[in-house]
Amino acid sequence: MRLNYYFPLLLLFSVCLRGQNDPLVVKDSLAQAHWVEAQYQKMSLEERVGQLFMVSIASNQDKASTDKITTLVKEQAIGGVIFLPGSPVKQAKLTNAYQSESKIPLLIGLDAEWGLAMRLDSTYAFPWNMTLGAIQDNKTVEKVGYQIGKHAKRLGVHINFAPDLDVNNNPKNPIIGNRSFGEDPINVGQKGVAFAKGMEAAGVLSCGKHFPGHGDTATDSHKALPIIASNRERLDSIELYPFNKAINNGLSSVMIAHLAVPSLEEREGFPSSLSKSIVVDLLQNEMGFKGLVFTDALNMKAVSEFAPDGEVELQAFLAGNDMLLMPVDVLSAKKKLMEAYEAGTITEERLAHSVKKILMAKYKAGLSDYKPIDLENLYEDLNGIENDVIYEEAIEGAITVAKNNFSLMPIKKLENKKIAYVQFGDDDGAPFLDALNQYFKVTAIKAKDIAGYRKELANYNLVIIGFHKSNASPWKGYKFSKNEIFWLEEISRMRTSNTILTLFAKPYALLDVLNFDAMDGVVVAYQNSKIAQEKAAEVIFGAIGADGKLPVSAHPEFPVNTGEKLESLKRLGYSIPERVGLSSTGLAEVDSLVHSGLDSLMFPGAQVLVARKGKVVYNKSFGKPTYDSTRHVNANSIYDLASLTKILSTLPLIMKMEEEGKIALNNTFQELVPEYGETELKDVTVLKALSHYGRLPAWIAFYLDTLTKERKPSDEFYRKSPTEGYSYQVADHLYLTNAYKDSIYDRIGRQSLKSNRYRYSDVGYYVFKKYIEDTYGKPIDELINEFLYTPLGLQHTAFNPLHKFPKDEIIPSEEDDYFRYQTIQGYVHDMGAAMQGGVGGHAGLFSTASDVAKIMQMYLQGGYYGGVRFLNDRTVKKFNTCYFCNKNVRRGVGFDKPQLEESGPTCGCVSHKSFGHSGFTGTYTWADPDAELVYVFLSNRTYPSATNTLLIKSGLRTRIQQAIYDSIIN
């Protein structure tokens, strides 16, 4: 009676004696102690011994094999199961089946160092440890550990045999390599602690391996016993350092490697996993580790051939290990341990010590309240979008710039560049090339020999070489071929170009390169995943910065911790919605709305782009160029932007001129065009015209005066081919007389001002075009190309696009049956701009959603983009101001602004700081500084006829805008 009264206190006291730093003790230690003692007391000796074993099974094995495990669970009361290759659903089903047969819930283990994909198909692979080792922010590594832990827990896995704490200081290590965080013990320790912390926060036990350190070996312990010849001093400072760090930070368990370590174990060729001096004296006593101790797999040849079946397991237990992993023969091993217990070789105290630690670990893993794995949505839960968010963040943090002569990266002054891409390696490099081409035209070059490369590359001044090796596993080949080494060094020596090598493989690949004297840039991306390739391109072009450091010595020129810090140039990057606080599910509504527009015949096709916080997260193409097309719209399909030309071409030039003192907002039309001094237009100011408050007519149908009575182009004004004096091409085989330019400006001068103070008007932009061109002595299209488009790297933006692009890349805008009488494709739809040779101040620009977004992002960033200050921030703010809001005029200076009342140009959900414009052909773009958001919608709603106003009446463009804002995650 008295014993029963004091029993809980005794239990609590015994738990406290284990120490506050015991990683197996939970906050509710008394409840844990009660549960552990209760389970232990109800077990027979055979069941207690059974708890020491964790057996292996692959979920893809046959039924006979999986049934053997069921028998071991039922008849031998084994303590746990470690799963080998298979699939998640099969593993979950087997886990549930095994757990249902076990009196005490099984401890389920898995090797998931870089995620469940290390063992299971249809699951996610996170970056390898060596990649994580390059990251400078350990919080990112913790996030990776947490996500892997979440996956493990969802699958019913209680212990992940990770992190790998080996210090890989031997480049020839055949089994560790990429599994290690690197060769710097301090870095390995920090990363290991962060990884374990994340995993434990998800409710999964961590396991540091392979104690006392498997990094400095060239032997695979699966095949033979490796030797670690280091002295004790060296072991303390290198191999043991990460384990000490992790143990002091709550590591739940340690796995003992099969190694020969003469400085720790005097018996020659004696495996560390069987050495009491290593397992007990060093790990548990000297280093103070109180967590669970696992052997490495006992079926590995490094130890399995050391003694007969069963004897190895007995020796491992006597050496101080708690749990015997993957024994060759459970029955033989269990018999040996039982005999040793009966003989007194294993004491009750020794057995209870390990079994109770195993039970404590099970309690910590939540097995006191065991619930079967829910199979519903298992695949979806393991493959959510948050995986890509974390993977992308990790890769961005890891990318390392090992060399950067002349500050070549990030690449600036695109107007001076001609760039080639050369692919080495035997894996896919297409995502890298595609990502490079998001920023500038990069041409892929292939050749059979160095002579071919010299010839093909002679006309380029920058060569980017991508070395792509398999990303399937950390053990895949990573070396250059002999030819590639030769070509690499020869291409680097070409005096006509700079060279950047980008490595999508293990850093050790660089060891085979003789020297890097002639190479200007070296970027290490570590892996050849799609995301790694995309992020490497973003680093090279400055969409993101870089601060990764080499976790290993990759070459005499690149010792461990090499890495140059690069700052972002604020070019648009590319990511997924969740990375910038948007919901992919929410943005799926955009798809539905656009498809609704297609089904309702609002337009034949469209492009829609959404960027937030400097990253494009939605960029899709829909439909076809025409309703009868066999081709589909793609990201490079070029649209007539119509009135977007105002804010994407003419306005930035006016803003620049205002900065240079060449124009002022209070200048009058008389000051811009002296000929208007005697007209009603003379006192219209730049501010009022740009704000559409100058009482100008909406537009002037200049073309009507050039038609015959039959409303066909008159021979008086047009020719079918270019001849002297007829060079303004308005369509195929239709050229307008040059003299008509003066008629246009004369007609404008004769206009009367309207009574309405507010009237949207194209007319002012004719005047601005004339003034800009007269001021600089150059056509406006040349001016804007030099000032903005080329430095921005716009590849699909131009006036008169047929001069630069194939016709089939340009989307038709109308079947004209009133002026030009043909399909309008590659020629500006706006008649007035067409009559100016395709270059108007108000219309004429063609582009893609991607290129439009870059200009809008430049505005959003206060006039800065890609390392270039195009406009001063104060200028952008000045022009993005509504000066006549008190007159119920919502417009800014050139920019459209949100409505002042219920209806207007936006969804009503944008901030008052936002700005944008729409275009007659079915185009729209809007930027919101408060939401850090850019939205672009391009369509050809005017095809086949401009009389189709369904898009306008439906408000689809602003309904899409509403869906975008609705997708913002609080």
# chains A, B, ... in the order shown; residues from 1 in each chain; ligands from 1
>>> residues_around(residues="range 309-321 of chain A", least_positions_apart="4", cutoff="8 Å", atoms="only C-alpha atoms", output="NGL selection string")
:A and (273-277 or 279-280 or 293-295 or 298 or 303-304 or 327-337 or 346 or 354)
>>> closest_residue(among="A:Lys549, A:Lys403, A:Lys448, A:His692", to="Thr499 in chain A", atoms="only C-alpha atoms")
A:Lys403
>>> closest_residue(among="A:Gly384, A:Gly826, A:Gly586, A:Gly863", to="Met655 in chain A", atoms="only C-alpha atoms")
A:Gly863
>>> select_by_dssp(residues="range 457-612 of chain A", states="strand (DSSP E)", output="ChimeraX atom specification")
/A:462-468,498-504,521-524,573-574,605-612
>>> residues_around(residues="Arg711 in chain A", least_positions_apart="5", cutoff="9 Å", atoms="only C-alpha atoms", output="list in words")
Leu704, Thr706, Tyr818 and Phe819 of chain A
>>> write_last_selection(atoms="N, CA and C atoms", output="PDB file, in the first residue's frame")
ATOM      1  N   LEU A 704     -10.886  58.578 -92.860  1.00  0.00           N
ATOM      2  CA  LEU A 704     -12.078  58.765 -93.687  1.00  0.00           C
ATOM      3  C   LEU A 704     -11.818  59.728 -94.841  1.00  0.00           C
ATOM      4  N   THR A 706      -9.306  59.899 -96.593  1.00  0.00           N
ATOM      5  CA  THR A 706      -8.433  59.296 -97.603  1.00  0.00           C
ATOM      6  C   THR A 706      -9.136  58.189 -98.376  1.00  0.00           C
ATOM      7  N   TYR A 818     -13.500  48.112 -93.622  1.00  0.00           N
ATOM      8  CA  TYR A 818     -13.927  49.502 -93.701  1.00  0.00           C
ATOM      9  C   TYR A 818     -12.788  50.457 -94.084  1.00  0.00           C
ATOM     10  N   PHE A 819     -11.540  49.982 -94.055  1.00  0.00           N
ATOM     11  CA  PHE A 819     -10.429  50.874 -94.360  1.00  0.00           C
ATOM     12  C   PHE A 819      -9.368  50.134 -95.170  1.00  0.00           C
TER      13      PHE A 819
END
>>> residues_around(residues="range 633-637 of chain A", least_positions_apart="6", cutoff="9 Å", atoms="only C-alpha atoms", output="MDAnalysis selection string")
chainID A and resid 605:607 619:625 796 808:811 847:850
>>> residues_around(residues="range 92-103 of chain A", least_positions_apart="2", cutoff="8 Å", atoms="only C-alpha atoms", output="VMD selection string")
chain A and resid 59 66 69 to 70 73 to 74 77 88 to 90 105 to 106 108 155 to 156 372 to 373 375
>>> atom_distance(atom1="CA of Leu566 in chain A", atom2="CA of Val868 in chain A")
15.9 Å
>>> closest_residue(among="A:Arg957, A:Arg179, A:Arg267, A:Lys412", to="Phe541 in chain A", atoms="only C-alpha atoms")
A:Lys412
>>> closest_residue(among="A:Leu205, A:Met858, A:Val524, A:Val422", to="Leu488 in chain A", atoms="only C-alpha atoms")
A:Val422
>>> closest_residue(among="A:Ser180, A:Ser649, A:Gln136, A:Ser553", to="Met856 in chain A", atoms="only C-alpha atoms")
A:Ser649
>>> closest_residue(among="A:Gln527, A:Glu489, A:Phe83, A:Leu648", to="Leu514 in chain A", atoms="only C-alpha atoms")
A:Glu489
>>> residues_around(residues="Phe516 in chain A", least_positions_apart="6", cutoff="12 Å", atoms="only C-alpha atoms", output="PyMOL selection string")
chain A and resi 402-405+485+488-493+499-501+510+522+554-558
>>> write_last_selection(atoms="N, CA and C atoms", output="PDB file, in the first residue's frame")
ATOM      1  N   ALA A 402      31.253  31.368 -57.010  1.00  0.00           N
ATOM      2  CA  ALA A 402      32.621  31.076 -56.576  1.00  0.00           C
ATOM      3  C   ALA A 402      33.636  32.030 -57.208  1.00  0.00           C
ATOM      4  N   LYS A 403      33.297  32.577 -58.375  1.00  0.00           N
ATOM      5  CA  LYS A 403      34.195  33.506 -59.042  1.00  0.00           C
ATOM      6  C   LYS A 403      33.370  34.509 -59.824  1.00  0.00           C
ATOM      7  N   ASN A 404      33.824  35.767 -59.830  1.00  0.00           N
ATOM      8  CA  ASN A 404      33.051  36.805 -60.513  1.00  0.00           C
ATOM      9  C   ASN A 404      33.975  37.945 -60.921  1.00  0.00           C
ATOM     10  N   ASN A 405      34.847  37.673 -61.882  1.00  0.00           N
ATOM     11  CA  ASN A 405      35.776  38.694 -62.366  1.00  0.00           C
ATOM     12  C   ASN A 405      35.034  39.902 -62.922  1.00  0.00           C
ATOM     13  N   ILE A 485      36.281  18.872 -70.388  1.00  0.00           N
ATOM     14  CA  ILE A 485      37.353  19.599 -69.697  1.00  0.00           C
ATOM     15  C   ILE A 485      38.169  20.410 -70.705  1.00  0.00           C
ATOM     16  N   LEU A 488      35.984  23.228 -72.208  1.00  0.00           N
ATOM     17  CA  LEU A 488      35.754  24.258 -71.203  1.00  0.00           C
ATOM     18  C   LEU A 488      36.941  25.216 -71.123  1.00  0.00           C
ATOM     19  N   GLU A 489      38.127  24.664 -71.068  1.00  0.00           N
ATOM     20  CA  GLU A 489      39.315  25.503 -70.930  1.00  0.00           C
ATOM     21  C   GLU A 489      39.596  26.288 -72.215  1.00  0.00           C
ATOM     22  N   GLU A 490      39.336  25.684 -73.371  1.00  0.00           N
ATOM     23  CA  GLU A 490      39.571  26.373 -74.633  1.00  0.00           C
ATOM     24  C   GLU A 490      38.554  27.499 -74.864  1.00  0.00           C
ATOM     25  N   ILE A 491      37.287  27.231 -74.557  1.00  0.00           N
ATOM     26  CA  ILE A 491      36.266  28.274 -74.714  1.00  0.00           C
ATOM     27  C   ILE A 491      36.565  29.446 -73.785  1.00  0.00           C
ATOM     28  N   SER A 492      37.031  29.139 -72.576  1.00  0.00           N
ATOM     29  CA  SER A 492      37.349  30.202 -71.614  1.00  0.00           C
ATOM     30  C   SER A 492      38.470  31.101 -72.111  1.00  0.00           C
ATOM     31  N   ARG A 493      39.347  30.545 -72.944  1.00  0.00           N
ATOM     32  CA  ARG A 493      40.491  31.324 -73.431  1.00  0.00           C
ATOM     33  C   ARG A 493      40.162  32.184 -74.643  1.00  0.00           C
ATOM     34  N   THR A 499      33.292  34.285 -70.080  1.00  0.00           N
ATOM     35  CA  THR A 499      32.732  32.955 -69.884  1.00  0.00           C
ATOM     36  C   THR A 499      32.247  32.782 -68.452  1.00  0.00           C
ATOM     37  N   ILE A 500      31.035  32.237 -68.315  1.00  0.00           N
ATOM     38  CA  ILE A 500      30.491  31.880 -67.008  1.00  0.00           C
ATOM     39  C   ILE A 500      30.171  30.394 -67.022  1.00  0.00           C
ATOM     40  N   LEU A 501      30.753  29.655 -66.094  1.00  0.00           N
ATOM     41  CA  LEU A 501      30.424  28.241 -65.918  1.00  0.00           C
ATOM     42  C   LEU A 501      29.399  28.125 -64.806  1.00  0.00           C
ATOM     43  N   LEU A 510      34.516  20.268 -60.017  1.00  0.00           N
ATOM     44  CA  LEU A 510      35.486  21.305 -60.396  1.00  0.00           C
ATOM     45  C   LEU A 510      36.925  20.862 -60.157  1.00  0.00           C
ATOM     46  N   VAL A 522      32.097  31.661 -62.103  1.00  0.00           N
ATOM     47  CA  VAL A 522      31.748  30.282 -61.756  1.00  0.00           C
ATOM     48  C   VAL A 522      30.581  30.333 -60.769  1.00  0.00           C
ATOM     49  N   ALA A 554      36.216  22.831 -53.395  1.00  0.00           N
ATOM     50  CA  ALA A 554      35.877  22.325 -54.720  1.00  0.00           C
ATOM     51  C   ALA A 554      37.059  22.371 -55.680  1.00  0.00           C
ATOM     52  N   HIS A 555      38.125  23.071 -55.277  1.00  0.00           N
ATOM     53  CA  HIS A 555      39.291  23.246 -56.145  1.00  0.00           C
ATOM     54  C   HIS A 555      40.304  24.063 -55.345  1.00  0.00           C
ATOM     55  N   PRO A 556      41.596  23.933 -55.646  1.00  0.00           N
ATOM     56  CA  PRO A 556      42.560  24.791 -54.943  1.00  0.00           C
ATOM     57  C   PRO A 556      42.217  26.275 -55.015  1.00  0.00           C
ATOM     58  N   GLU A 557      41.573  26.698 -56.105  1.00  0.00           N
ATOM     59  CA  GLU A 557      41.165  28.100 -56.214  1.00  0.00           C
ATOM     60  C   GLU A 557      39.880  28.402 -55.455  1.00  0.00           C
ATOM     61  N   PHE A 558      39.147  27.336 -55.085  1.00  0.00           N
ATOM     62  CA  PHE A 558      37.854  27.515 -54.433  1.00  0.00           C
ATOM     63  C   PHE A 558      37.791  26.687 -53.150  1.00  0.00           C
TER      64      PHE A 558
END
>>> decode(residues="range 327-383 of chain A", atoms="C-alpha atoms", output="tab-separated table (two decimals), in the first residue's frame")
chain	number	residue	atom	x	y	z
A	327	PRO	CA	19.38	-7.82	-38.00
A	328	VAL	CA	20.25	-10.60	-40.40
A	329	ASP	CA	18.14	-13.16	-38.49
A	330	VAL	CA	15.83	-11.96	-35.72
A	331	LEU	CA	15.17	-15.42	-34.33
A	332	SER	CA	18.85	-16.31	-34.01
A	333	ALA	CA	19.68	-12.93	-32.57
A	334	LYS	CA	16.82	-13.00	-30.08
A	335	LYS	CA	17.82	-16.49	-28.97
A	336	LYS	CA	21.38	-15.32	-28.34
A	337	LEU	CA	20.17	-12.38	-26.26
A	338	MET	CA	17.78	-14.56	-24.25
A	339	GLU	CA	20.57	-17.01	-23.52
A	340	ALA	CA	22.84	-14.18	-22.45
A	341	TYR	CA	20.11	-12.91	-20.11
A	342	GLU	CA	19.61	-16.30	-18.58
A	343	ALA	CA	23.36	-16.63	-18.12
A	344	GLY	CA	23.57	-13.23	-16.44
A	345	THR	CA	25.67	-11.73	-19.21
A	346	ILE	CA	22.81	-9.32	-19.79
A	347	THR	CA	21.44	-8.05	-16.51
A	348	GLU	CA	17.87	-7.01	-15.89
A	349	GLU	CA	19.14	-3.49	-15.27
A	350	ARG	CA	20.88	-3.44	-18.66
A	351	LEU	CA	17.82	-4.77	-20.47
A	352	ALA	CA	15.46	-2.37	-18.72
A	353	HIS	CA	17.77	0.54	-19.50
A	354	SER	CA	17.40	0.04	-23.26
A	355	VAL	CA	13.81	-1.15	-23.39
A	356	LYS	CA	12.61	1.77	-21.30
A	357	LYS	CA	14.53	4.19	-23.49
A	358	ILE	CA	12.77	2.67	-26.49
A	359	LEU	CA	9.42	3.07	-24.74
A	360	MET	CA	10.28	6.66	-23.82
A	361	ALA	CA	11.03	7.33	-27.48
A	362	LYS	CA	7.71	5.81	-28.47
A	363	TYR	CA	5.90	8.01	-25.98
A	364	LYS	CA	7.72	11.08	-27.29
A	365	ALA	CA	6.68	10.10	-30.83
A	366	GLY	CA	3.02	10.03	-29.72
A	367	LEU	CA	2.56	6.27	-29.62
A	368	SER	CA	0.85	6.32	-26.22
A	369	ASP	CA	-2.13	7.64	-28.18
A	370	TYR	CA	-1.67	5.67	-31.37
A	371	LYS	CA	-4.03	6.26	-34.30
A	372	PRO	CA	-3.93	4.47	-37.67
A	373	ILE	CA	-2.76	6.42	-40.72
A	374	ASP	CA	-5.59	8.11	-42.59
A	375	LEU	CA	-5.22	7.01	-46.21
A	376	GLU	CA	-7.54	9.68	-47.58
A	377	ASN	CA	-5.68	12.43	-49.47
A	378	LEU	CA	-2.35	10.91	-48.47
A	379	TYR	CA	-0.71	11.53	-51.83
A	380	GLU	CA	-2.01	15.12	-51.95
A	381	ASP	CA	-0.84	15.83	-48.40
A	382	LEU	CA	2.66	14.65	-49.22
A	383	ASN	CA	2.88	16.64	-52.44
